[in-house]
file target01.txt (compact mmCIF, N, CA and C atoms)
# COMPACT_ATOMS: atom_id res chain seq x y z
N MET V 120 -24.96 -17.76 -56.23
CA MET V 120 -25.63 -17.12 -57.33
C MET V 120 -24.73 -16.03 -57.92
N ARG V 121 -24.11 -15.26 -57.05
CA ARG V 121 -23.22 -14.21 -57.54
C ARG V 121 -22.02 -14.80 -58.28
N ALA V 122 -21.52 -15.92 -57.80
CA ALA V 122 -20.38 -16.55 -58.46
C ALA V 122 -20.74 -16.95 -59.89
N VAL V 123 -21.92 -17.52 -60.07
CA VAL V 123 -22.37 -17.91 -61.41
C VAL V 123 -22.53 -16.67 -62.28
N GLN V 124 -23.11 -15.61 -61.71
CA GLN V 124 -23.26 -14.36 -62.47
C GLN V 124 -21.91 -13.81 -62.89
N ASN V 125 -20.94 -13.83 -61.98
CA ASN V 125 -19.61 -13.31 -62.30
C ASN V 125 -18.91 -14.14 -63.37
N ILE V 126 -19.07 -15.45 -63.32
CA ILE V 126 -18.44 -16.33 -64.29
C ILE V 126 -19.02 -16.12 -65.68
N THR V 127 -20.31 -15.90 -65.77
CA THR V 127 -20.98 -15.80 -67.07
C THR V 127 -21.13 -14.36 -67.55
N MET V 128 -20.60 -13.41 -66.81
CA MET V 128 -20.80 -11.99 -67.12
C MET V 128 -20.33 -11.62 -68.53
N ASN V 129 -19.26 -12.24 -69.02
CA ASN V 129 -18.77 -11.87 -70.36
C ASN V 129 -19.67 -12.41 -71.47
N LYS V 130 -20.53 -13.38 -71.17
CA LYS V 130 -21.48 -13.92 -72.15
C LYS V 130 -22.84 -13.26 -72.06
N ILE V 131 -23.31 -13.07 -70.81
CA ILE V 131 -24.66 -12.54 -70.61
C ILE V 131 -24.72 -11.87 -69.23
N ASN V 132 -25.36 -10.72 -69.20
CA ASN V 132 -25.53 -10.00 -67.94
C ASN V 132 -26.96 -10.25 -67.45
N VAL V 133 -27.09 -10.94 -66.33
CA VAL V 133 -28.41 -11.29 -65.82
C VAL V 133 -28.63 -10.70 -64.43
N ARG V 134 -29.91 -10.50 -64.14
CA ARG V 134 -30.31 -10.01 -62.81
C ARG V 134 -31.32 -11.01 -62.26
N LEU V 135 -31.11 -11.40 -61.02
CA LEU V 135 -32.03 -12.31 -60.35
C LEU V 135 -33.24 -11.52 -59.90
N ARG V 136 -34.41 -11.85 -60.45
CA ARG V 136 -35.65 -11.14 -60.12
C ARG V 136 -36.42 -11.80 -59.00
N GLU V 137 -36.38 -13.12 -58.96
CA GLU V 137 -37.13 -13.85 -57.94
C GLU V 137 -36.37 -15.09 -57.54
N TYR V 138 -36.44 -15.43 -56.26
CA TYR V 138 -35.81 -16.63 -55.72
C TYR V 138 -36.76 -17.22 -54.71
N ARG V 139 -37.15 -18.47 -54.92
CA ARG V 139 -38.11 -19.11 -54.02
C ARG V 139 -37.67 -20.54 -53.74
N ILE V 140 -37.83 -20.97 -52.50
CA ILE V 140 -37.51 -22.34 -52.11
C ILE V 140 -38.79 -23.02 -51.63
N GLU V 141 -39.01 -24.24 -52.10
CA GLU V 141 -40.15 -25.04 -51.67
C GLU V 141 -39.65 -26.41 -51.25
N ALA V 142 -40.19 -26.93 -50.16
CA ALA V 142 -39.83 -28.28 -49.72
C ALA V 142 -40.65 -29.29 -50.50
N LEU V 143 -39.97 -30.24 -51.13
CA LEU V 143 -40.67 -31.30 -51.86
C LEU V 143 -40.93 -32.50 -50.96
N THR V 144 -39.97 -32.78 -50.08
CA THR V 144 -40.12 -33.87 -49.11
C THR V 144 -39.63 -33.38 -47.76
N GLY V 145 -40.00 -34.07 -46.72
CA GLY V 145 -39.56 -33.69 -45.38
C GLY V 145 -38.62 -34.72 -44.80
N GLY V 146 -38.25 -34.52 -43.58
CA GLY V 146 -37.39 -35.46 -42.87
C GLY V 146 -35.92 -35.19 -43.09
N SER V 147 -35.12 -36.17 -42.68
CA SER V 147 -33.67 -35.99 -42.75
C SER V 147 -33.13 -36.03 -44.17
N GLU V 148 -33.88 -36.61 -45.09
CA GLU V 148 -33.49 -36.67 -46.50
C GLU V 148 -34.32 -35.71 -47.33
N ALA V 149 -34.62 -34.56 -46.78
CA ALA V 149 -35.50 -33.59 -47.43
C ALA V 149 -34.93 -33.12 -48.76
N VAL V 150 -35.81 -32.92 -49.71
CA VAL V 150 -35.43 -32.40 -51.01
C VAL V 150 -36.11 -31.04 -51.17
N ALA V 151 -35.32 -30.06 -51.55
CA ALA V 151 -35.84 -28.72 -51.76
C ALA V 151 -35.84 -28.41 -53.25
N GLN V 152 -36.84 -27.65 -53.65
CA GLN V 152 -36.92 -27.18 -55.03
C GLN V 152 -36.69 -25.66 -55.02
N VAL V 153 -35.78 -25.22 -55.85
CA VAL V 153 -35.50 -23.79 -55.99
C VAL V 153 -36.10 -23.32 -57.30
N ILE V 154 -36.85 -22.23 -57.22
CA ILE V 154 -37.48 -21.65 -58.40
C ILE V 154 -36.97 -20.22 -58.52
N ILE V 155 -36.46 -19.87 -59.70
CA ILE V 155 -35.92 -18.52 -59.89
C ILE V 155 -36.51 -17.89 -61.15
N GLU V 156 -36.40 -16.58 -61.20
CA GLU V 156 -36.64 -15.81 -62.42
C GLU V 156 -35.42 -14.94 -62.63
N VAL V 157 -34.90 -14.95 -63.85
CA VAL V 157 -33.77 -14.10 -64.20
C VAL V 157 -34.13 -13.24 -65.40
N GLU V 158 -33.50 -12.09 -65.46
CA GLU V 158 -33.77 -11.12 -66.53
C GLU V 158 -32.46 -10.68 -67.14
N ASP V 159 -32.42 -10.58 -68.47
CA ASP V 159 -31.21 -10.08 -69.12
C ASP V 159 -31.33 -8.57 -69.35
N LYS V 160 -30.29 -7.98 -69.93
CA LYS V 160 -30.26 -6.53 -70.12
C LYS V 160 -31.31 -6.02 -71.09
N ASP V 161 -31.85 -6.91 -71.93
CA ASP V 161 -32.88 -6.54 -72.89
C ASP V 161 -34.29 -6.66 -72.33
N GLY V 162 -34.40 -7.09 -71.07
CA GLY V 162 -35.70 -7.23 -70.44
C GLY V 162 -36.36 -8.58 -70.62
N ASN V 163 -35.66 -9.52 -71.24
CA ASN V 163 -36.19 -10.89 -71.37
C ASN V 163 -36.15 -11.57 -70.01
N VAL V 164 -37.26 -12.21 -69.65
CA VAL V 164 -37.37 -12.87 -68.35
C VAL V 164 -37.68 -14.34 -68.59
N VAL V 165 -36.96 -15.21 -67.88
CA VAL V 165 -37.24 -16.64 -67.92
C VAL V 165 -37.26 -17.17 -66.50
N SER V 166 -37.93 -18.29 -66.32
CA SER V 166 -37.91 -18.94 -65.02
C SER V 166 -37.24 -20.30 -65.18
N ALA V 167 -36.72 -20.79 -64.07
CA ALA V 167 -36.05 -22.09 -64.06
C ALA V 167 -36.21 -22.67 -62.67
N ARG V 168 -36.09 -23.98 -62.61
CA ARG V 168 -36.19 -24.65 -61.32
C ARG V 168 -35.25 -25.83 -61.27
N ALA V 169 -34.87 -26.22 -60.05
CA ALA V 169 -34.04 -27.39 -59.83
C ALA V 169 -34.33 -27.92 -58.44
N ALA V 170 -34.18 -29.21 -58.27
CA ALA V 170 -34.41 -29.85 -56.97
C ALA V 170 -33.18 -30.64 -56.57
N ASN V 171 -32.88 -30.58 -55.28
CA ASN V 171 -31.73 -31.30 -54.75
C ASN V 171 -31.84 -31.33 -53.24
N GLU V 172 -31.12 -32.26 -52.61
CA GLU V 172 -31.06 -32.27 -51.15
C GLU V 172 -30.25 -31.09 -50.63
N ASP V 173 -29.34 -30.59 -51.44
CA ASP V 173 -28.50 -29.44 -51.09
C ASP V 173 -29.07 -28.19 -51.76
N ILE V 174 -29.48 -27.22 -50.95
CA ILE V 174 -30.11 -26.01 -51.48
C ILE V 174 -29.14 -25.23 -52.36
N VAL V 175 -27.86 -25.22 -52.00
CA VAL V 175 -26.88 -24.50 -52.80
C VAL V 175 -26.77 -25.12 -54.20
N LYS V 176 -26.70 -26.45 -54.26
CA LYS V 176 -26.63 -27.12 -55.56
C LYS V 176 -27.88 -26.86 -56.39
N ALA V 177 -29.04 -26.92 -55.75
CA ALA V 177 -30.28 -26.66 -56.47
C ALA V 177 -30.30 -25.22 -56.98
N SER V 178 -29.80 -24.29 -56.19
CA SER V 178 -29.77 -22.89 -56.59
C SER V 178 -28.87 -22.68 -57.80
N VAL V 179 -27.69 -23.27 -57.77
CA VAL V 179 -26.75 -23.13 -58.88
C VAL V 179 -27.32 -23.78 -60.14
N GLU V 180 -27.90 -24.96 -60.00
CA GLU V 180 -28.49 -25.63 -61.16
C GLU V 180 -29.61 -24.80 -61.78
N ALA V 181 -30.46 -24.23 -60.94
CA ALA V 181 -31.55 -23.39 -61.45
C ALA V 181 -31.00 -22.15 -62.15
N MET V 182 -29.98 -21.54 -61.57
CA MET V 182 -29.38 -20.35 -62.16
C MET V 182 -28.77 -20.66 -63.52
N ILE V 183 -28.05 -21.76 -63.61
CA ILE V 183 -27.43 -22.14 -64.88
C ILE V 183 -28.51 -22.45 -65.93
N THR V 184 -29.57 -23.12 -65.52
CA THR V 184 -30.67 -23.39 -66.44
C THR V 184 -31.29 -22.09 -66.94
N GLY V 185 -31.50 -21.14 -66.04
CA GLY V 185 -32.06 -19.85 -66.44
C GLY V 185 -31.16 -19.10 -67.41
N ILE V 186 -29.88 -19.10 -67.14
CA ILE V 186 -28.93 -18.43 -68.04
C ILE V 186 -28.92 -19.12 -69.40
N ASN V 187 -28.93 -20.44 -69.41
CA ASN V 187 -28.96 -21.17 -70.68
C ASN V 187 -30.22 -20.84 -71.48
N ARG V 188 -31.34 -20.71 -70.81
CA ARG V 188 -32.58 -20.36 -71.51
C ARG V 188 -32.50 -18.96 -72.11
N LEU V 189 -31.91 -18.02 -71.38
CA LEU V 189 -31.75 -16.67 -71.92
C LEU V 189 -30.80 -16.66 -73.11
N LEU V 190 -29.71 -17.40 -73.01
CA LEU V 190 -28.77 -17.48 -74.13
C LEU V 190 -29.44 -18.10 -75.36
N LEU V 191 -30.24 -19.13 -75.16
CA LEU V 191 -30.96 -19.75 -76.27
C LEU V 191 -31.94 -18.77 -76.89
N ARG V 192 -32.63 -18.02 -76.05
CA ARG V 192 -33.59 -17.02 -76.56
C ARG V 192 -32.85 -15.98 -77.39
N GLN V 193 -31.69 -15.51 -76.90
CA GLN V 193 -30.90 -14.52 -77.65
C GLN V 193 -30.45 -15.09 -78.99
N ARG V 194 -29.98 -16.33 -78.97
CA ARG V 194 -29.49 -16.97 -80.20
C ARG V 194 -30.62 -17.13 -81.20
N LEU V 195 -31.80 -17.54 -80.73
CA LEU V 195 -32.93 -17.72 -81.64
C LEU V 195 -33.41 -16.40 -82.21
N SER V 196 -33.44 -15.35 -81.41
CA SER V 196 -33.90 -14.05 -81.91
C SER V 196 -32.89 -13.40 -82.85
N SER V 197 -31.60 -13.69 -82.70
CA SER V 197 -30.61 -13.11 -83.59
C SER V 197 -30.54 -13.85 -84.93
N SER V 198 -31.06 -15.08 -84.96
CA SER V 198 -31.01 -15.84 -86.21
C SER V 198 -32.25 -15.61 -87.08
N ILE V 199 -33.20 -14.88 -86.57
CA ILE V 199 -34.44 -14.62 -87.34
C ILE V 199 -34.24 -13.45 -88.26

call {"tool": "encode", "arguments": {"input": "target01.txt", "output": "C-alpha cells"}}
result
Amino acid sequence: MRAVQNITMNKINVRLREYRIEALTGGSEAVAQVIIEVEDKDGNVVSARAANEDIVKASVEAMITGINRLLLRQRLSSSI
C-alpha cells in the first residue's frame, strides 16, 4: 500500500482510512476480498474493493481503484 502511495504521490496524496479483509471462499483455493477507504487532501473519501487469491494483489488492486476514483472525482470537479 505504501509503495502505491509513494508511486502516485506526485499525482495525488491519499491517506488510507480503512482496510478490511473478508473471505469469499474457504479451503486451499480461498479468495479474499479487500475493502478500503481512501481520502485525498481535500477530504474526498471513496471506497474500493478487489478480490483475489493473493491478499497483496487484492490490496494493490483496491488501492489503485480507489486512487483512480479520487482522480476522476478531482477531474470532474475541476471541469465544472

call {"tool": "select_by_dssp", "arguments": {"input": "target01.txt", "residues": "stretch 138-183 of chain V", "states": "strand (DSSP E or B)", "output": "list in words"}}
result
Tyr138, Arg139, Ile140, Glu141, Ala142, Ala151, Gln152, Val153, Ile154, Ile155, Glu156, Val157, Glu158, Asp159, Val164, Val165, Ser166, Ala167, Arg168, Ala169, Ala170 and Asn171 of chain V

call {"tool": "atom_distance", "arguments": {"input": "target01.txt", "atom1": "atom N of V:Ile183", "atom2": "atom CA of V:Val123"}}
result
7.2 Å

call {"tool": "residues_around", "arguments": {"input": "target01.txt", "residues": "V:Asn171", "least_positions_apart": "6", "cutoff": "5 Å", "atoms": "all atoms listed in the file", "output": "ChimeraX atom specification"}}
result
/V:150-151,177

call {"tool": "atom_distance", "arguments": {"input": "target01.txt", "atom1": "atom CA of V:Gly146", "atom2": "atom C of V:Thr184"}}
result
28.2 Å

call {"tool": "atom_distance", "arguments": {"input": "target01.txt", "atom1": "atom CA of V:Ala181", "atom2": "atom CA of V:Leu195"}}
result
21.0 Å

call {"tool": "select_by_dssp", "arguments": {"input": "target01.txt", "residues": "chain V", "states": "helix (DSSP H, G or I)", "output": "PDB file with N, CA and C atoms, in the coordinates of the input"}}
result
ATOM      1  N   ARG V 121     -24.110 -15.260 -57.050  1.00  0.00           N
ATOM      2  CA  ARG V 121     -23.220 -14.210 -57.540  1.00  0.00           C
ATOM      3  C   ARG V 121     -22.020 -14.800 -58.280  1.00  0.00           C
ATOM      4  N   ALA V 122     -21.520 -15.920 -57.800  1.00  0.00           N
ATOM      5  CA  ALA V 122     -20.380 -16.550 -58.460  1.00  0.00           C
ATOM      6  C   ALA V 122     -20.740 -16.950 -59.890  1.00  0.00           C
ATOM      7  N   VAL V 123     -21.920 -17.520 -60.070  1.00  0.00           N
ATOM      8  CA  VAL V 123     -22.370 -17.910 -61.410  1.00  0.00           C
ATOM      9  C   VAL V 123     -22.530 -16.670 -62.280  1.00  0.00           C
ATOM     10  N   GLN V 124     -23.110 -15.610 -61.710  1.00  0.00           N
ATOM     11  CA  GLN V 124     -23.260 -14.360 -62.470  1.00  0.00           C
ATOM     12  C   GLN V 124     -21.910 -13.810 -62.890  1.00  0.00           C
ATOM     13  N   ASN V 125     -20.940 -13.830 -61.980  1.00  0.00           N
ATOM     14  CA  ASN V 125     -19.610 -13.310 -62.300  1.00  0.00           C
ATOM     15  C   ASN V 125     -18.910 -14.140 -63.370  1.00  0.00           C
ATOM     16  N   ILE V 126     -19.070 -15.450 -63.320  1.00  0.00           N
ATOM     17  CA  ILE V 126     -18.440 -16.330 -64.290  1.00  0.00           C
ATOM     18  C   ILE V 126     -19.020 -16.120 -65.680  1.00  0.00           C
ATOM     19  N   THR V 127     -20.310 -15.900 -65.770  1.00  0.00           N
ATOM     20  CA  THR V 127     -20.980 -15.800 -67.070  1.00  0.00           C
ATOM     21  C   THR V 127     -21.130 -14.360 -67.550  1.00  0.00           C
ATOM     22  N   ILE V 174     -29.480 -27.220 -50.950  1.00  0.00           N
ATOM     23  CA  ILE V 174     -30.110 -26.010 -51.480  1.00  0.00           C
ATOM     24  C   ILE V 174     -29.140 -25.230 -52.360  1.00  0.00           C
ATOM     25  N   VAL V 175     -27.860 -25.220 -52.000  1.00  0.00           N
ATOM     26  CA  VAL V 175     -26.880 -24.500 -52.800  1.00  0.00           C
ATOM     27  C   VAL V 175     -26.770 -25.120 -54.200  1.00  0.00           C
ATOM     28  N   LYS V 176     -26.700 -26.450 -54.260  1.00  0.00           N
ATOM     29  CA  LYS V 176     -26.630 -27.120 -55.560  1.00  0.00           C
ATOM     30  C   LYS V 176     -27.880 -26.860 -56.390  1.00  0.00           C
ATOM     31  N   ALA V 177     -29.040 -26.920 -55.750  1.00  0.00           N
ATOM     32  CA  ALA V 177     -30.280 -26.660 -56.470  1.00  0.00           C
ATOM     33  C   ALA V 177     -30.300 -25.220 -56.980  1.00  0.00           C
ATOM     34  N   SER V 178     -29.800 -24.290 -56.190  1.00  0.00           N
ATOM     35  CA  SER V 178     -29.770 -22.890 -56.590  1.00  0.00           C
ATOM     36  C   SER V 178     -28.870 -22.680 -57.800  1.00  0.00           C
ATOM     37  N   VAL V 179     -27.690 -23.270 -57.770  1.00  0.00           N
ATOM     38  CA  VAL V 179     -26.750 -23.130 -58.880  1.00  0.00           C
ATOM     39  C   VAL V 179     -27.320 -23.780 -60.140  1.00  0.00           C
ATOM     40  N   GLU V 180     -27.900 -24.960 -60.000  1.00  0.00           N
ATOM     41  CA  GLU V 180     -28.490 -25.630 -61.160  1.00  0.00           C
ATOM     42  C   GLU V 180     -29.610 -24.800 -61.780  1.00  0.00           C
ATOM     43  N   ALA V 181     -30.460 -24.230 -60.940  1.00  0.00           N
ATOM     44  CA  ALA V 181     -31.550 -23.390 -61.450  1.00  0.00           C
ATOM     45  C   ALA V 181     -31.000 -22.150 -62.150  1.00  0.00           C
ATOM     46  N   MET V 182     -29.980 -21.540 -61.570  1.00  0.00           N
ATOM     47  CA  MET V 182     -29.380 -20.350 -62.160  1.00  0.00           C
ATOM     48  C   MET V 182     -28.770 -20.660 -63.520  1.00  0.00           C
ATOM     49  N   ILE V 183     -28.050 -21.760 -63.610  1.00  0.00           N
ATOM     50  CA  ILE V 183     -27.430 -22.140 -64.880  1.00  0.00           C
ATOM     51  C   ILE V 183     -28.510 -22.450 -65.930  1.00  0.00           C
ATOM     52  N   THR V 184     -29.570 -23.120 -65.520  1.00  0.00           N
ATOM     53  CA  THR V 184     -30.670 -23.390 -66.440  1.00  0.00           C
ATOM     54  C   THR V 184     -31.290 -22.090 -66.940  1.00  0.00           C
ATOM     55  N   GLY V 185     -31.500 -21.140 -66.040  1.00  0.00           N
ATOM     56  CA  GLY V 185     -32.060 -19.850 -66.440  1.00  0.00           C
ATOM     57  C   GLY V 185     -31.160 -19.100 -67.410  1.00  0.00           C
ATOM     58  N   ILE V 186     -29.880 -19.100 -67.140  1.00  0.00           N
ATOM     59  CA  ILE V 186     -28.930 -18.430 -68.040  1.00  0.00           C
ATOM     60  C   ILE V 186     -28.920 -19.120 -69.400  1.00  0.00           C
ATOM     61  N   ASN V 187     -28.930 -20.440 -69.410  1.00  0.00           N
ATOM     62  CA  ASN V 187     -28.960 -21.170 -70.680  1.00  0.00           C
ATOM     63  C   ASN V 187     -30.220 -20.840 -71.480  1.00  0.00           C
ATOM     64  N   ARG V 188     -31.340 -20.710 -70.810  1.00  0.00           N
ATOM     65  CA  ARG V 188     -32.580 -20.360 -71.510  1.00  0.00           C
ATOM     66  C   ARG V 188     -32.500 -18.960 -72.110  1.00  0.00           C
ATOM     67  N   LEU V 189     -31.910 -18.020 -71.380  1.00  0.00           N
ATOM     68  CA  LEU V 189     -31.750 -16.670 -71.920  1.00  0.00           C
ATOM     69  C   LEU V 189     -30.800 -16.660 -73.110  1.00  0.00           C
ATOM     70  N   LEU V 190     -29.710 -17.400 -73.010  1.00  0.00           N
ATOM     71  CA  LEU V 190     -28.770 -17.480 -74.130  1.00  0.00           C
ATOM     72  C   LEU V 190     -29.440 -18.100 -75.360  1.00  0.00           C
ATOM     73  N   LEU V 191     -30.240 -19.130 -75.160  1.00  0.00           N
ATOM     74  CA  LEU V 191     -30.960 -19.750 -76.270  1.00  0.00           C
ATOM     75  C   LEU V 191     -31.940 -18.770 -76.890  1.00  0.00           C
ATOM     76  N   ARG V 192     -32.630 -18.020 -76.050  1.00  0.00           N
ATOM     77  CA  ARG V 192     -33.590 -17.020 -76.560  1.00  0.00           C
ATOM     78  C   ARG V 192     -32.850 -15.980 -77.390  1.00  0.00           C
ATOM     79  N   GLN V 193     -31.690 -15.510 -76.900  1.00  0.00           N
ATOM     80  CA  GLN V 193     -30.900 -14.520 -77.650  1.00  0.00           C
ATOM     81  C   GLN V 193     -30.450 -15.090 -78.990  1.00  0.00           C
ATOM     82  N   ARG V 194     -29.980 -16.330 -78.970  1.00  0.00           N
ATOM     83  CA  ARG V 194     -29.490 -16.970 -80.200  1.00  0.00           C
ATOM     84  C   ARG V 194     -30.620 -17.130 -81.200  1.00  0.00           C
ATOM     85  N   LEU V 195     -31.800 -17.540 -80.730  1.00  0.00           N
ATOM     86  CA  LEU V 195     -32.930 -17.720 -81.640  1.00  0.00           C
ATOM     87  C   LEU V 195     -33.410 -16.400 -82.210  1.00  0.00           C
ATOM     88  N   SER V 196     -33.440 -15.350 -81.410  1.00  0.00           N
ATOM     89  CA  SER V 196     -33.900 -14.050 -81.910  1.00  0.00           C
ATOM     90  C   SER V 196     -32.890 -13.400 -82.850  1.00  0.00           C
ATOM     91  N   SER V 197     -31.600 -13.690 -82.700  1.00  0.00           N
ATOM     92  CA  SER V 197     -30.610 -13.110 -83.590  1.00  0.00           C
ATOM     93  C   SER V 197     -30.540 -13.850 -84.930  1.00  0.00           C
TER      94      SER V 197
END

call {"tool": "closest_residue", "arguments": {"input": "target01.txt", "among": "V:Asn163, V:Arg121, V:Glu172, V:Leu189", "to": "V:Ser147", "atoms": "only C-alpha atoms"}}
result
V:Glu172

call {"tool": "closest_residue", "arguments": {"input": "target01.txt", "among": "V:Ile186, V:Ala142, V:Ile131, V:Val179", "to": "V:Ser166", "atoms": "only C-alpha atoms"}}
result
V:Ile186

call {"tool": "closest_residue", "arguments": {"input": "target01.txt", "among": "V:Leu190, V:Ala149, V:Glu158, V:Gly185", "to": "V:Asp173", "atoms": "only C-alpha atoms"}}
result
V:Ala149

call {"tool": "decode", "arguments": {"input": "target01.txt", "residues": "stretch 150-166 of chain V", "atoms": "N, CA and C atoms", "output": "PDB file, in the first residue's frame"}}
result
ATOM      1  N   VAL V 150     -10.457 -17.304  -1.687  1.00  0.00           N
ATOM      2  CA  VAL V 150     -10.417 -15.989  -2.310  1.00  0.00           C
ATOM      3  C   VAL V 150     -10.777 -14.965  -1.239  1.00  0.00           C
ATOM      4  N   ALA V 151      -9.949 -13.949  -1.136  1.00  0.00           N
ATOM      5  CA  ALA V 151     -10.188 -12.885  -0.166  1.00  0.00           C
ATOM      6  C   ALA V 151     -10.611 -11.623  -0.898  1.00  0.00           C
ATOM      7  N   GLN V 152     -11.475 -10.879  -0.247  1.00  0.00           N
ATOM      8  CA  GLN V 152     -11.894  -9.581  -0.772  1.00  0.00           C
ATOM      9  C   GLN V 152     -11.334  -8.500   0.152  1.00  0.00           C
ATOM     10  N   VAL V 153     -10.671  -7.529  -0.436  1.00  0.00           N
ATOM     11  CA  VAL V 153     -10.127  -6.403   0.316  1.00  0.00           C
ATOM     12  C   VAL V 153     -11.003  -5.192   0.040  1.00  0.00           C
ATOM     13  N   ILE V 154     -11.413  -4.534   1.111  1.00  0.00           N
ATOM     14  CA  ILE V 154     -12.242  -3.338   1.003  1.00  0.00           C
ATOM     15  C   ILE V 154     -11.485  -2.203   1.680  1.00  0.00           C
ATOM     16  N   ILE V 155     -11.323  -1.091   0.975  1.00  0.00           N
ATOM     17  CA  ILE V 155     -10.584   0.039   1.530  1.00  0.00           C
ATOM     18  C   ILE V 155     -11.389   1.321   1.397  1.00  0.00           C
ATOM     19  N   GLU V 156     -11.004   2.295   2.195  1.00  0.00           N
ATOM     20  CA  GLU V 156     -11.449   3.675   2.033  1.00  0.00           C
ATOM     21  C   GLU V 156     -10.206   4.528   1.998  1.00  0.00           C
ATOM     22  N   VAL V 157     -10.133   5.424   1.011  1.00  0.00           N
ATOM     23  CA  VAL V 157      -9.018   6.352   0.910  1.00  0.00           C
ATOM     24  C   VAL V 157      -9.547   7.773   0.871  1.00  0.00           C
ATOM     25  N   GLU V 158      -8.723   8.688   1.351  1.00  0.00           N
ATOM     26  CA  GLU V 158      -9.099  10.099   1.426  1.00  0.00           C
ATOM     27  C   GLU V 158      -7.997  10.940   0.819  1.00  0.00           C
ATOM     28  N   ASP V 159      -8.375  11.945   0.033  1.00  0.00           N
ATOM     29  CA  ASP V 159      -7.375  12.850  -0.525  1.00  0.00           C
ATOM     30  C   ASP V 159      -7.211  14.066   0.380  1.00  0.00           C
ATOM     31  N   LYS V 160      -6.308  14.975  -0.004  1.00  0.00           N
ATOM     32  CA  LYS V 160      -6.005  16.135   0.834  1.00  0.00           C
ATOM     33  C   LYS V 160      -7.173  17.102   0.976  1.00  0.00           C
ATOM     34  N   ASP V 161      -8.151  17.017   0.066  1.00  0.00           N
ATOM     35  CA  ASP V 161      -9.325  17.878   0.121  1.00  0.00           C
ATOM     36  C   ASP V 161     -10.460  17.287   0.950  1.00  0.00           C
ATOM     37  N   GLY V 162     -10.241  16.097   1.498  1.00  0.00           N
ATOM     38  CA  GLY V 162     -11.252  15.457   2.322  1.00  0.00           C
ATOM     39  C   GLY V 162     -12.229  14.578   1.566  1.00  0.00           C
ATOM     40  N   ASN V 163     -12.013  14.399   0.273  1.00  0.00           N
ATOM     41  CA  ASN V 163     -12.860  13.483  -0.507  1.00  0.00           C
ATOM     42  C   ASN V 163     -12.534  12.047  -0.120  1.00  0.00           C
ATOM     43  N   VAL V 164     -13.574  11.260   0.121  1.00  0.00           N
ATOM     44  CA  VAL V 164     -13.398   9.873   0.538  1.00  0.00           C
ATOM     45  C   VAL V 164     -14.102   8.973  -0.465  1.00  0.00           C
ATOM     46  N   VAL V 165     -13.410   7.913  -0.884  1.00  0.00           N
ATOM     47  CA  VAL V 165     -14.013   6.907  -1.757  1.00  0.00           C
ATOM     48  C   VAL V 165     -13.680   5.533  -1.199  1.00  0.00           C
ATOM     49  N   SER V 166     -14.492   4.569  -1.568  1.00  0.00           N
ATOM     50  CA  SER V 166     -14.202   3.191  -1.193  1.00  0.00           C
ATOM     51  C   SER V 166     -13.950   2.390  -2.462  1.00  0.00           C
TER      52      SER V 166
END
